[in-house]
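Colleague: Sending over protein-v7.txt (compact mmCIF, C-alpha atoms).
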# COMPACT_ATOMS: atom_id res chain seq x y z
CA MET A 245 -73.21 42.99 -125.42
CA ARG A 246 -72.09 43.66 -121.81
CA LEU A 247 -70.19 41.24 -119.58
CA ASN A 248 -70.71 41.35 -115.79
CA TYR A 249 -68.41 39.64 -113.33
CA ALA A 250 -67.72 39.69 -109.61
CA ASN A 251 -64.30 40.35 -108.20
CA PRO A 252 -63.64 37.36 -105.86
CA ILE A 253 -60.86 39.04 -103.87
CA PRO A 254 -63.01 41.41 -101.75
CA ILE A 255 -65.50 38.61 -101.16
CA ARG A 256 -62.71 36.35 -99.93
CA ASP A 257 -61.40 39.14 -97.69
CA MET A 258 -64.84 39.53 -96.11
CA TYR A 259 -65.13 35.77 -95.58
CA GLU A 260 -61.76 35.52 -93.86
CA ARG A 261 -62.40 38.62 -91.75
CA TRP A 262 -65.92 37.78 -90.53
CA VAL A 263 -67.23 34.33 -91.43
CA ASN A 264 -64.11 32.19 -91.12
CA LEU A 265 -63.16 33.68 -87.72
CA ARG A 266 -66.54 32.92 -86.17
CA SER A 267 -67.02 29.55 -87.84
CA SER A 268 -63.65 28.44 -86.49
CA SER A 269 -64.64 29.46 -82.96
CA ALA A 270 -68.03 27.78 -83.28
CA ALA A 271 -66.47 24.62 -84.64
CA GLU A 272 -63.97 24.56 -81.81
CA THR A 273 -66.76 24.98 -79.24
CA ALA A 274 -68.76 22.21 -80.90
CA GLN A 275 -65.74 19.93 -80.78
CA HIS A 276 -65.25 20.61 -77.05
CA LEU A 277 -68.93 19.89 -76.42
CA ARG A 278 -68.78 16.64 -78.40
CA ARG A 279 -65.66 15.48 -76.52
CA TYR A 280 -67.31 16.28 -73.16
CA ALA A 281 -70.52 14.45 -74.12
CA GLU A 282 -68.61 11.43 -75.31
CA HIS A 283 -66.41 11.41 -72.20
CA SER A 284 -69.41 11.78 -69.88
CA LYS A 285 -71.16 8.91 -71.64
CA GLU A 286 -68.12 6.71 -71.17
CA VAL A 287 -67.94 7.55 -67.45
CA ALA A 288 -71.66 6.95 -66.93
CA GLN A 289 -71.43 3.57 -68.59
CA LYS A 290 -68.78 2.52 -66.05
CA VAL A 291 -71.03 3.22 -63.04
CA ASP A 292 -72.93 0.20 -61.71
CA HIS A 293 -76.39 1.26 -60.52
CA SER A 294 -77.68 -2.28 -60.12
CA GLU A 295 -77.38 -2.29 -56.31
CA TYR A 296 -78.63 1.24 -55.60
CA ARG A 297 -81.58 0.63 -53.30
CA HIS A 298 -83.52 2.13 -50.41
CA VAL A 299 -84.07 -0.20 -47.46
CA LYS A 300 -86.12 0.49 -44.32
CA LEU A 301 -85.78 -1.62 -41.16
CA GLU A 302 -88.32 -1.50 -38.31
CA MET A 303 -87.66 -3.35 -35.04
CA GLU A 304 -88.81 -3.13 -31.46
CA MET A 305 -88.42 -5.02 -28.19
CA ARG A 306 -89.29 -4.71 -24.53
CA ILE A 307 -86.56 -4.10 -21.97
CA ASN A 308 -87.27 -4.77 -18.32
CA ALA A 309 -85.86 -1.49 -17.05
CA PRO A 310 -87.10 2.10 -16.75
CA ARG A 311 -86.75 4.31 -19.79
CA GLU A 312 -84.20 6.57 -18.07
CA ARG A 313 -82.01 3.58 -17.27
CA VAL A 314 -82.03 2.37 -20.88
CA PHE A 315 -81.33 5.86 -22.20
CA ALA A 316 -78.30 6.15 -19.93
CA ALA A 317 -77.02 2.81 -21.24
CA MET A 318 -77.42 4.03 -24.82
CA THR A 319 -75.49 7.24 -24.18
CA THR A 320 -73.19 7.74 -21.16
CA GLU A 321 -72.60 3.99 -20.69
CA PHE A 322 -72.12 3.31 -24.39
CA ASP A 323 -68.62 1.87 -23.97
CA ASN A 324 -69.78 -0.72 -21.44
CA TRP A 325 -71.71 -2.84 -23.93
CA TRP A 326 -71.22 -1.74 -27.56
CA PRO A 327 -69.79 -4.85 -29.29
CA HIS A 328 -69.03 -3.80 -32.89
CA ARG A 329 -65.52 -2.36 -32.80
CA TYR A 330 -62.72 -2.04 -35.30
CA LYS A 331 -60.21 -2.91 -32.58
CA PRO A 332 -61.01 -4.99 -29.49
CA ASP A 333 -59.13 -2.68 -27.10
CA SER A 334 -60.67 0.58 -28.34
CA THR A 335 -62.93 2.84 -26.27
CA CYS A 336 -66.41 3.69 -27.57
CA TYR A 337 -67.98 7.08 -26.94
CA PHE A 338 -71.31 8.84 -27.42
CA GLU A 339 -71.41 12.65 -27.40
CA GLY A 340 -74.90 13.37 -26.08
CA LYS A 341 -75.71 16.55 -27.99
CA VAL A 342 -76.91 17.66 -31.40
CA GLY A 343 -73.92 17.62 -33.72
CA GLY A 344 -72.08 15.16 -31.48
CA TYR A 345 -70.59 11.92 -32.70
CA CYS A 346 -70.61 8.32 -31.62
CA GLY A 347 -67.61 6.21 -32.44
CA GLU A 348 -64.46 4.74 -31.00
CA SER A 349 -60.99 5.87 -30.02
CA PHE A 350 -58.13 3.47 -30.69
CA SER A 351 -55.74 2.79 -27.81
CA GLY A 352 -52.70 3.63 -29.96
CA GLY A 353 -54.24 6.81 -31.38
CA GLY A 354 -56.76 7.40 -34.15
CA GLY A 355 -60.30 6.15 -34.23
CA ALA A 356 -63.52 5.96 -36.22
CA ILE A 357 -66.89 7.71 -36.36
CA THR A 358 -69.93 5.44 -36.54
CA GLY A 359 -72.63 8.13 -36.59
CA MET A 360 -73.56 11.77 -36.01
CA ILE A 361 -76.39 12.85 -33.71
CA VAL A 362 -78.87 15.08 -35.52
CA TYR A 363 -81.69 14.96 -32.92
CA PHE A 364 -81.29 14.48 -29.17
CA ASP A 365 -84.23 14.49 -26.74
CA PRO A 366 -83.46 12.63 -23.49
CA PRO A 367 -84.82 10.24 -22.41
CA PHE A 368 -87.18 9.83 -25.36
CA LYS A 369 -85.45 9.87 -28.74
CA ILE A 370 -82.12 9.88 -30.56
CA ILE A 371 -81.66 10.29 -34.31
CA ALA A 372 -78.28 9.57 -35.86
CA SER A 373 -77.19 9.92 -39.45
CA SER A 374 -74.13 9.80 -41.68
CA PRO A 375 -71.23 10.57 -41.92
CA SER A 376 -70.00 7.22 -40.74
CA SER A 377 -66.97 5.03 -41.30
CA LEU A 378 -69.47 2.20 -41.80
CA SER A 379 -71.20 3.97 -44.71
CA ARG A 380 -69.23 2.54 -47.62
CA GLY A 381 -71.35 3.69 -50.53
CA THR A 382 -74.46 4.09 -48.36
CA THR A 383 -76.23 6.78 -46.36
CA SER A 384 -78.12 5.89 -43.19
CA TYR A 385 -80.69 7.50 -40.90
CA ALA A 386 -81.57 5.78 -37.61
CA VAL A 387 -84.30 6.77 -35.14
CA ASP A 388 -84.17 5.25 -31.63
CA THR A 389 -87.26 5.82 -29.46
CA LEU A 390 -88.02 4.72 -25.89
CA VAL A 391 -91.66 4.40 -24.78
CA GLU A 392 -92.70 3.64 -21.20
CA ASP A 393 -94.33 0.26 -20.68
CA GLY A 394 -95.23 -0.38 -17.05
CA GLU A 395 -92.00 -0.83 -15.09
CA GLY A 396 -90.06 -1.31 -18.31
CA CYS A 397 -89.98 0.31 -21.72
CA ILE A 398 -90.32 -0.45 -25.41
CA TYR A 399 -87.22 0.27 -27.46
CA LYS A 400 -88.07 1.04 -31.10
CA ARG A 401 -85.52 1.40 -33.87
CA SER A 402 -86.38 2.65 -37.36
CA MET A 403 -83.48 2.66 -39.78
CA GLU A 404 -83.25 3.70 -43.41
CA VAL A 405 -80.27 2.89 -45.61
CA TRP A 406 -79.91 3.96 -49.22
CA GLY A 407 -77.18 3.84 -51.83
CA SER A 408 -75.23 0.77 -52.86
CA VAL A 409 -77.22 -1.60 -50.64
CA SER A 410 -76.83 -5.16 -51.85
CA GLU A 411 -78.84 -7.98 -50.27
CA GLU A 412 -75.70 -8.91 -48.33
CA VAL A 413 -75.36 -5.39 -46.93
CA GLU A 414 -79.07 -5.32 -46.07
CA LYS A 415 -78.70 -8.61 -44.17
CA MET A 416 -75.67 -7.21 -42.34
CA PHE A 417 -77.65 -4.17 -41.17
CA ARG A 418 -80.70 -6.27 -40.24
CA ASP A 419 -78.82 -8.97 -38.33
CA GLY A 420 -76.46 -6.45 -36.74
CA THR A 421 -79.32 -4.28 -35.51
CA ARG A 422 -81.16 -7.27 -34.05
CA ALA A 423 -78.02 -8.48 -32.25
CA LEU A 424 -77.36 -5.01 -30.83
CA MET A 425 -80.88 -4.73 -29.45
CA GLU A 426 -81.60 -8.27 -28.29
CA GLU A 427 -78.18 -9.34 -27.08
CA ALA A 428 -75.86 -6.43 -26.36
CA LEU A 429 -78.12 -3.65 -25.02
CA LYS A 430 -80.81 -5.83 -23.43
CA GLY A 431 -78.16 -8.15 -21.95
CA TYR A 432 -76.30 -5.21 -20.45
CA VAL A 433 -79.34 -3.47 -18.95
CA GLU A 434 -81.14 -6.56 -17.65
CA GLU A 435 -78.26 -8.88 -16.79
CA GLY A 436 -75.20 -6.66 -16.47
CA LYS A 437 -73.38 -8.25 -19.43
CA ARG A 438 -70.48 -6.06 -20.50
CA TYR A 439 -68.13 -5.88 -23.44
CA VAL A 440 -64.76 -7.46 -22.66
CA GLY A 441 -62.32 -7.14 -25.56
CA GLY A 442 -63.90 -9.31 -28.20
CA GLY A 443 -67.50 -9.73 -27.05
CA ALA A 444 -70.00 -9.25 -24.27
CA SER A 445 -69.86 -11.40 -21.15
What is this file in structure tokens?
Modeller:
Amino acid sequence: MRLNYANPIPIRDMYERWVNLRSSSAAETAQHLRRYAEHSKEVAQKVDHSEYRHVKLEMEMRINAPRERVFAAMTTEFDNWWPHRYKPDSTCYFEGKVGGYCGESFSGGGGAITGMIVYFDPPFKIIASSPSSLSRGTTSYAVDTLVEDGEGCIYKRSMEVWGSVSEEVEKMFRDGTRALMEEALKGYVEEGKRYVGGGAS
């Protein structure tokens, strides 16, 4: 009768030298991956996507003035009528070029950007987009077009806003755009109404 047995010491040496080393590294990697996945899941669960929407606004109106006159009001005469300002004594500006900004300069220093010009074709079309100090959680893209209409012109504005656009924010953009077109710009071009530290008059 013959007895066979295996010496466990060399087997254990091989395990510690090859298997244990790699299994420890793999386990550590798996742990890192699990922690990352769990952390990412926790972060994602804290993000509120309920108000992420895409809104498109289309408006137009007739202005009783030549297209060139309206375009000048929208650009070089921007400060004369633009009513929405962070500070009533600030100066509004419009840099009429691609890559230029529109915004305001505060009288005591500082200021704010309200849009960047990405397309400029006088006296026909202006396209402005973010970045903007008004874009709190939103991105916007506005196309302003002037079309001749007899002795006057048709001013068309197409605006898209996407991101965290609640119904309240949508109403703000819609009502604000209508007021800018119908009251501020039209009033300035047709009747000479100007901005005077708190509103047009």
Colleague: For Lys415 of chain A, which of A:Leu301, A:Arg329, A:Leu390, A:Ala309 is the closest residue, counting only C-alpha atoms?
Modeller: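 For Lys415 of chain A, the nearest of the candidates is A:Leu301.
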Colleague: Could you tell me how far atom CA of Glu435 of chain A sits from atom CA of Met360 of chain A, in Å to one decimal place?
Modeller: 28.6 Å
Colleague: Please identify all polymer residues lying at most 12 Å from the point (-74.6, -7.7, -29.0) (file coordinates), using only C-alpha atoms, and present the result as a list in words.
Modeller: Asn324, Trp325, Trp326, Pro327, His328, Arg329, Asp419, Gly420, Thr421, Arg422, Ala423, Leu424, Met425, Glu426, Glu427, Ala428, Leu429, Lys430, Gly431, Tyr432, Val433, Lys437, Arg438, Tyr439, Val440, Gly442, Gly443, Ala444 and Ser445 of chain A
Colleague: What would the file look like if the residues just selected were written as a PDB file, keeping the file's coordinate frame with C-alpha atoms?
Modeller:
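Output file again.pdb follows:
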ATOM      1  CA  ASN A 324     -69.780  -0.720 -21.440  1.00  0.00           C
ATOM      2  CA  TRP A 325     -71.710  -2.840 -23.930  1.00  0.00           C
ATOM      3  CA  TRP A 326     -71.220  -1.740 -27.560  1.00  0.00           C
ATOM      4  CA  PRO A 327     -69.790  -4.850 -29.290  1.00  0.00           C
ATOM      5  CA  HIS A 328     -69.030  -3.800 -32.890  1.00  0.00           C
ATOM      6  CA  ARG A 329     -65.520  -2.360 -32.800  1.00  0.00           C
ATOM      7  CA  ASP A 419     -78.820  -8.970 -38.330  1.00  0.00           C
ATOM      8  CA  GLY A 420     -76.460  -6.450 -36.740  1.00  0.00           C
ATOM      9  CA  THR A 421     -79.320  -4.280 -35.510  1.00  0.00           C
ATOM     10  CA  ARG A 422     -81.160  -7.270 -34.050  1.00  0.00           C
ATOM     11  CA  ALA A 423     -78.020  -8.480 -32.250  1.00  0.00           C
ATOM     12  CA  LEU A 424     -77.360  -5.010 -30.830  1.00  0.00           C
ATOM     13  CA  MET A 425     -80.880  -4.730 -29.450  1.00  0.00           C
ATOM     14  CA  GLU A 426     -81.600  -8.270 -28.290  1.00  0.00           C
ATOM     15  CA  GLU A 427     -78.180  -9.340 -27.080  1.00  0.00           C
ATOM     16  CA  ALA A 428     -75.860  -6.430 -26.360  1.00  0.00           C
ATOM     17  CA  LEU A 429     -78.120  -3.650 -25.020  1.00  0.00           C
ATOM     18  CA  LYS A 430     -80.810  -5.830 -23.430  1.00  0.00           C
ATOM     19  CA  GLY A 431     -78.160  -8.150 -21.950  1.00  0.00           C
ATOM     20  CA  TYR A 432     -76.300  -5.210 -20.450  1.00  0.00           C
ATOM     21  CA  VAL A 433     -79.340  -3.470 -18.950  1.00  0.00           C
ATOM     22  CA  LYS A 437     -73.380  -8.250 -19.430  1.00  0.00           C
ATOM     23  CA  ARG A 438     -70.480  -6.060 -20.500  1.00  0.00           C
ATOM     24  CA  TYR A 439     -68.130  -5.880 -23.440  1.00  0.00           C
ATOM     25  CA  VAL A 440     -64.760  -7.460 -22.660  1.00  0.00           C
ATOM     26  CA  GLY A 442     -63.900  -9.310 -28.200  1.00  0.00           C
ATOM     27  CA  GLY A 443     -67.500  -9.730 -27.050  1.00  0.00           C
ATOM     28  CA  ALA A 444     -70.000  -9.250 -24.270  1.00  0.00           C
ATOM     29  CA  SER A 445     -69.860 -11.400 -21.150  1.00  0.00           C
TER      30      SER A 445
END
Colleague: Mind checking which residues fall within 7 Å of segment 363-371 of chain A, counting all atoms listed in the file, ignoring those fewer than 2 positions away in the same chain, and posting them as a ChimeraX atom specification?
Modeller: /A:311-312,315,341-342,361,373,386-390
Colleague: Create the file for the chosen residues now, containing C-alpha atoms and written as a PDB file, keeping the file's coordinate frame.
Modeller:
ATOM      1  CA  ARG A 311     -86.750   4.310 -19.790  1.00  0.00           C
ATOM      2  CA  GLU A 312     -84.200   6.570 -18.070  1.00  0.00           C
ATOM      3  CA  PHE A 315     -81.330   5.860 -22.200  1.00  0.00           C
ATOM      4  CA  LYS A 341     -75.710  16.550 -27.990  1.00  0.00           C
ATOM      5  CA  VAL A 342     -76.910  17.660 -31.400  1.00  0.00           C
ATOM      6  CA  ILE A 361     -76.390  12.850 -33.710  1.00  0.00           C
ATOM      7  CA  SER A 373     -77.190   9.920 -39.450  1.00  0.00           C
ATOM      8  CA  ALA A 386     -81.570   5.780 -37.610  1.00  0.00           C
ATOM      9  CA  VAL A 387     -84.300   6.770 -35.140  1.00  0.00           C
ATOM     10  CA  ASP A 388     -84.170   5.250 -31.630  1.00  0.00           C
ATOM     11  CA  THR A 389     -87.260   5.820 -29.460  1.00  0.00           C
ATOM     12  CA  LEU A 390     -88.020   4.720 -25.890  1.00  0.00           C
TER      13      LEU A 390
END
Colleague: Figure out the distance between atom CA of Glu302 of chain A and atom CA of Asp393 of chain A, please, to one decimal in Å.
Modeller: 18.7 Å
Colleague: Name the closest residue to Ser384 of chain A among the candidates A:Gly441, A:Gly359, A:Gly344, A:Gly436; distances are taken between atoms, counting only C-alpha atoms.
Modeller: A:Gly359
Colleague: Mind pulling up the distance from atom CA of Asp323 of chain A to atom CA of Phe350 of chain A?
Modeller: 12.6 Å
Colleague: Looking at A:Pro332, A:Tyr337, A:Val299, A:Gly353, which one is nearest to Glu404 of chain A, with distances taken over all atoms listed in the file?
Modeller: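 Of the candidates, the smallest distance to Glu404 of chain A is held by A:Val299.
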Colleague: Which residue, A:Gly343, A:Gly396, A:Gly352, A:Pro310, has the smallest gap to Ala372 of chain A when you use all atoms listed in the file?
Modeller: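 Distance minimum relative to Ala372 of chain A lands on A:Gly343.
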Colleague: For a cutoff of 9 Å around the file-coordinate point (-87.3, -6.8, -26.7), which residues qualify once you count all atoms listed in the file? I'd like the result as a ChimeraX atom specification.
Modeller: /A:304-308,398-399,425-426,430
Colleague: Determine the nearest neighbour of His298 of chain A from the options A:Val409, A:Cys397, A:Met416, A:Cys336, counting all atoms listed in the file.
Modeller: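 Among the listed residues, the smallest separation from His298 of chain A belongs to A:Val409.
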Colleague: Which residue is closest to Val405 of chain A? Choose from A:Glu321, A:Glu434, A:Gly381, A:Cys346 and count all atoms listed in the file.
Modeller: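 Under the stated criterion, the closest residue is A:Gly381.
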Colleague: Taking all atoms of segment 349-367 of chain A that the file lists and extending 6 Å past them on each side, where is the centre of the axis-aligned box and how long are its edges? Answer in Å to one decimal, as AutoDock Vina command-line options.
Modeller:
--center_x -68.8 --center_y 8.9 --center_z -29.5 --size_x 44.1 --size_y 24.3 --size_z 26.2
